[in-house]
Amino acid sequence: LKGNKEAVIEVVKQNGHALKYAFSTLQADKDVVMEAVKQNSASLQLASRDLRADKDVVIEAVKQDGAALHFACEKLRADKTAMLEVVKESGAALQWVSIKLQGDKDVVLEAVKQDGCALKYASEEVRADKNVVVEAVRQSGAALQHAGENVLADKEVVREAVQQYGVALQR
């Protein structure tokens with residue numbers, strides 16, 4: 001059974017972690033891995049190296065849980081185009097993008113539009129950018145706690161945060 005593609009697909013549809021017991025050839029099969037990550041995003045860690053670098057597979061895993069990005073290859077986590085798609089699905093996945101992209105305003109903006117509190121994973125420089133912080137607090141007033149000190153003195157930012165989250169000033 002471990003080498004039978006159809007049987008393994010049926011099993012991983014029920015329990016994605018069962019990919020662990022499949023032959024390595026099936027851990028490298030995109031169809032099998034896609035079904036596994038749809039059921040359990042953490043099964044991405046059991047996929048072949050090539051599939052952990054496959055944008056489609058990683059995005060499917062991230063749709064289930066942004067933390068799955070942790071299992072993607074470093075090269076993919078540094079690919080701006082791919083990470084823009086990933087953070088649109090899960091802003092919190094910003095935690096696992098490359099450090100360089102955590103400092104990329106475009107990537108961070110997409111992340112905070114999806115999850116304002118993803119601001120906490122942005123570089124210090126980006127957390128000090130008024131436009132980024134405004135987007136973050138519009139999505140979640142609680143994101144104000146992650147803003148750079150310089151932005152906290154801006155009335156527009158604070159107003160947006162309080163409108164979204166009444167206790168935003170309790171930092």
# chains A, B, ... in the order shown; residues from 1 in each chain; ligands from 1
>>> residues_around(residues="Lys80 in chain A", least_positions_apart="4", cutoff="10 Å", atoms="only C-alpha atoms", output="PDB file with all heavy atoms, in the first residue's frame")
ATOM      1  N   LEU A  76      12.235  29.676  -1.437  1.00  0.00           N
ATOM      2  CA  LEU A  76      10.858  30.095  -1.699  1.00  0.00           C
ATOM      3  C   LEU A  76      10.435  31.188  -0.711  1.00  0.00           C
ATOM      4  O   LEU A  76       9.762  32.139  -1.087  1.00  0.00           O
ATOM      5  CB  LEU A  76       9.904  28.906  -1.606  1.00  0.00           C
ATOM      6  CG  LEU A  76       8.456  29.214  -1.974  1.00  0.00           C
ATOM      7  CD1 LEU A  76       8.337  29.611  -3.438  1.00  0.00           C
ATOM      8  CD2 LEU A  76       7.568  28.007  -1.685  1.00  0.00           C
ATOM      9  N   LEU A  84       4.152  37.270  -1.582  1.00  0.00           N
ATOM     10  CA  LEU A  84       2.993  38.155  -1.685  1.00  0.00           C
ATOM     11  C   LEU A  84       1.705  37.328  -1.727  1.00  0.00           C
ATOM     12  O   LEU A  84       0.718  37.658  -1.075  1.00  0.00           O
ATOM     13  CB  LEU A  84       3.095  39.059  -2.908  1.00  0.00           C
ATOM     14  CG  LEU A  84       4.010  40.271  -2.761  1.00  0.00           C
ATOM     15  CD1 LEU A  84       4.301  40.905  -4.127  1.00  0.00           C
ATOM     16  CD2 LEU A  84       3.411  41.298  -1.814  1.00  0.00           C
ATOM     17  N   GLU A  85       1.733  36.235  -2.473  1.00  0.00           N
ATOM     18  CA  GLU A  85       0.564  35.348  -2.541  1.00  0.00           C
ATOM     19  C   GLU A  85       0.319  34.667  -1.195  1.00  0.00           C
ATOM     20  O   GLU A  85      -0.821  34.544  -0.754  1.00  0.00           O
ATOM     21  CB  GLU A  85       0.751  34.292  -3.625  1.00  0.00           C
ATOM     22  CG  GLU A  85       0.642  34.840  -5.025  1.00  0.00           C
ATOM     23  CD  GLU A  85       0.722  33.745  -6.066  1.00  0.00           C
ATOM     24  OE1 GLU A  85      -0.019  32.742  -5.946  1.00  0.00           O
ATOM     25  OE2 GLU A  85       1.526  33.897  -7.004  1.00  0.00           O
ATOM     26  N   VAL A  86       1.379  34.244  -0.554  1.00  0.00           N
ATOM     27  CA  VAL A  86       1.260  33.547   0.725  1.00  0.00           C
ATOM     28  C   VAL A  86       0.643  34.452   1.794  1.00  0.00           C
ATOM     29  O   VAL A  86      -0.296  34.060   2.484  1.00  0.00           O
ATOM     30  CB  VAL A  86       2.637  33.004   1.191  1.00  0.00           C
ATOM     31  CG1 VAL A  86       2.625  32.631   2.661  1.00  0.00           C
ATOM     32  CG2 VAL A  86       3.040  31.806   0.340  1.00  0.00           C
ATOM     33  N   VAL A  97       8.551  34.385   6.516  1.00  0.00           N
ATOM     34  CA  VAL A  97       9.188  34.827   5.270  1.00  0.00           C
ATOM     35  C   VAL A  97      10.617  35.244   5.599  1.00  0.00           C
ATOM     36  O   VAL A  97      10.972  35.423   6.768  1.00  0.00           O
ATOM     37  CB  VAL A  97       8.406  35.968   4.560  1.00  0.00           C
ATOM     38  CG1 VAL A  97       6.972  35.564   4.292  1.00  0.00           C
ATOM     39  CG2 VAL A  97       8.486  37.256   5.307  1.00  0.00           C
ATOM     40  N   SER A  98      11.426  35.420   4.594  1.00  0.00           N
ATOM     41  CA  SER A  98      12.822  35.801   4.831  1.00  0.00           C
ATOM     42  C   SER A  98      12.894  37.143   5.565  1.00  0.00           C
ATOM     43  O   SER A  98      11.978  37.974   5.467  1.00  0.00           O
ATOM     44  CB  SER A  98      13.573  35.905   3.508  1.00  0.00           C
ATOM     45  OG  SER A  98      13.114  37.026   2.776  1.00  0.00           O
ATOM     46  N   LYS A 100      14.705  39.589   4.856  1.00  0.00           N
ATOM     47  CA  LYS A 100      14.689  40.658   3.849  1.00  0.00           C
ATOM     48  C   LYS A 100      13.252  41.051   3.511  1.00  0.00           C
ATOM     49  O   LYS A 100      12.918  42.233   3.427  1.00  0.00           O
ATOM     50  CB  LYS A 100      15.434  40.212   2.591  1.00  0.00           C
ATOM     51  CG  LYS A 100      15.449  41.256   1.499  1.00  0.00           C
ATOM     52  CD  LYS A 100      16.192  40.768   0.270  1.00  0.00           C
ATOM     53  CE  LYS A 100      16.151  41.836  -0.823  1.00  0.00           C
ATOM     54  NZ  LYS A 100      16.736  41.359  -2.068  1.00  0.00           N
ATOM     55  N   LEU A 101      12.381  40.068   3.321  1.00  0.00           N
ATOM     56  CA  LEU A 101      10.997  40.365   2.959  1.00  0.00           C
ATOM     57  C   LEU A 101      10.177  40.877   4.146  1.00  0.00           C
ATOM     58  O   LEU A 101       9.175  41.565   3.950  1.00  0.00           O
ATOM     59  CB  LEU A 101      10.332  39.157   2.312  1.00  0.00           C
ATOM     60  CG  LEU A 101      10.884  38.788   0.933  1.00  0.00           C
ATOM     61  CD1 LEU A 101      10.157  37.583   0.367  1.00  0.00           C
ATOM     62  CD2 LEU A 101      10.832  39.964  -0.023  1.00  0.00           C
ATOM     63  N   ASP A 104      10.251  44.358   3.592  1.00  0.00           N
ATOM     64  CA  ASP A 104       9.730  44.831   2.310  1.00  0.00           C
ATOM     65  C   ASP A 104       8.319  45.390   2.526  1.00  0.00           C
ATOM     66  O   ASP A 104       7.408  44.669   2.925  1.00  0.00           O
ATOM     67  CB  ASP A 104       9.709  43.668   1.317  1.00  0.00           C
ATOM     68  CG  ASP A 104       9.271  44.112  -0.065  1.00  0.00           C
ATOM     69  OD1 ASP A 104       8.063  44.392  -0.232  1.00  0.00           O
ATOM     70  OD2 ASP A 104      10.128  44.174  -0.964  1.00  0.00           O
ATOM     71  N   ASP A 106       5.922  46.283   0.527  1.00  0.00           N
ATOM     72  CA  ASP A 106       4.840  45.659  -0.240  1.00  0.00           C
ATOM     73  C   ASP A 106       4.359  44.363   0.414  1.00  0.00           C
ATOM     74  O   ASP A 106       3.156  44.119   0.532  1.00  0.00           O
ATOM     75  CB  ASP A 106       5.286  45.353  -1.678  1.00  0.00           C
ATOM     76  CG  ASP A 106       5.649  46.595  -2.463  1.00  0.00           C
ATOM     77  OD1 ASP A 106       5.091  47.672  -2.169  1.00  0.00           O
ATOM     78  OD2 ASP A 106       6.494  46.486  -3.378  1.00  0.00           O
ATOM     79  N   VAL A 107       5.297  43.527   0.813  1.00  0.00           N
ATOM     80  CA  VAL A 107       4.957  42.245   1.434  1.00  0.00           C
ATOM     81  C   VAL A 107       4.254  42.486   2.766  1.00  0.00           C
ATOM     82  O   VAL A 107       3.219  41.872   3.058  1.00  0.00           O
ATOM     83  CB  VAL A 107       6.213  41.361   1.607  1.00  0.00           C
ATOM     84  CG1 VAL A 107       5.891  40.102   2.403  1.00  0.00           C
ATOM     85  CG2 VAL A 107       6.806  40.999   0.247  1.00  0.00           C
TER      86      VAL A 107
END
>>> residues_around(residues="Glu89 in chain A", least_positions_apart="5", cutoff="10 Å", atoms="only C-alpha atoms", output="PyMOL selection string")
chain A and resi 59-60+62-66+83-84+110-111+114-115
>>> atom_distance(atom1="CA of Gln102 in chain A", atom2="CA of Glu35 in chain A")
29.7 Å
>>> residues_around(residues="Asn15 in chain A", least_positions_apart="2", cutoff="8 Å", atoms="only C-alpha atoms", output="list in words")
Val11, Val12, Lys13, His17, Ala18, Ala36, Gln39 and Asn40 of chain A
>>> residues_around(residues="Tyr21 in chain A", least_positions_apart="4", cutoff="10 Å", atoms="only C-alpha atoms", output="number ranges by chain")
A: 1-3, 8, 17, 26-27, 46
>>> residues_around(residues="Ser41 in chain A", least_positions_apart="3", cutoff="6 Å", atoms="only C-alpha atoms", output="mmCIF file with all heavy atoms, in the first residue's frame")
data_model
loop_
_atom_site.group_PDB
_atom_site.id
_atom_site.type_symbol
_atom_site.label_atom_id
_atom_site.label_comp_id
_atom_site.auth_asym_id
_atom_site.auth_seq_id
_atom_site.Cartn_x
_atom_site.Cartn_y
_atom_site.Cartn_z
ATOM 1 N N VAL A 37 -1.549 18.039 2.268
ATOM 2 C CA VAL A 37 -1.516 19.375 2.880
ATOM 3 C C VAL A 37 -2.903 19.997 2.961
ATOM 4 O O VAL A 37 -3.150 20.844 3.823
ATOM 5 C CB VAL A 37 -0.512 20.340 2.210
ATOM 6 C CG1 VAL A 37 0.903 19.792 2.304
ATOM 7 C CG2 VAL A 37 -0.895 20.680 0.783
ATOM 8 N N LEU A 44 3.331 19.204 5.126
ATOM 9 C CA LEU A 44 4.308 19.784 4.198
ATOM 10 C C LEU A 44 5.725 19.396 4.611
ATOM 11 O O LEU A 44 6.572 19.158 3.758
ATOM 12 C CB LEU A 44 4.167 21.311 4.150
ATOM 13 C CG LEU A 44 5.117 22.056 3.213
ATOM 14 C CD1 LEU A 44 4.910 21.618 1.761
ATOM 15 C CD2 LEU A 44 4.920 23.559 3.335
ATOM 16 N N ALA A 61 -0.880 24.607 1.520
ATOM 17 C CA ALA A 61 -0.652 24.334 2.946
ATOM 18 C C ALA A 61 -0.945 25.572 3.786
ATOM 19 O O ALA A 61 -1.590 25.492 4.836
ATOM 20 C CB ALA A 61 0.778 23.853 3.169
ATOM 21 N N GLN A 64 -4.448 26.429 4.881
ATOM 22 C CA GLN A 64 -4.922 25.725 6.071
ATOM 23 C C GLN A 64 -4.362 26.350 7.343
ATOM 24 O O GLN A 64 -5.059 26.481 8.337
ATOM 25 C CB GLN A 64 -4.520 24.239 6.018
ATOM 26 C CG GLN A 64 -4.970 23.504 4.792
ATOM 27 C CD GLN A 64 -6.457 23.570 4.580
ATOM 28 O OE1 GLN A 64 -7.228 23.423 5.505
ATOM 29 N NE2 GLN A 64 -6.864 23.843 3.356
ATOM 30 N N ALA A 68 2.509 26.688 8.303
ATOM 31 C CA ALA A 68 3.086 25.705 7.390
ATOM 32 C C ALA A 68 4.247 26.290 6.592
ATOM 33 O O ALA A 68 5.125 25.555 6.147
ATOM 34 C CB ALA A 68 2.017 25.170 6.442
#
>>> closest_residue(among="A:Lys105, A:Val112, A:Thr81, A:Leu69", to="Ala93 in chain A", atoms="only C-alpha atoms")
A:Leu69
>>> closest_residue(among="A:Glu160, A:Glu10, A:Asp129, A:Asp154", to="Ala142 in chain A", atoms="only C-alpha atoms")
A:Glu160
>>> atom_distance(atom1="CA of Ala47 in chain A", atom2="CA of Asp31 in chain A")
11.3 Å
>>> atom_distance(atom1="CA of Ala22 in chain A", atom2="CA of Met34 in chain A")
13.9 Å
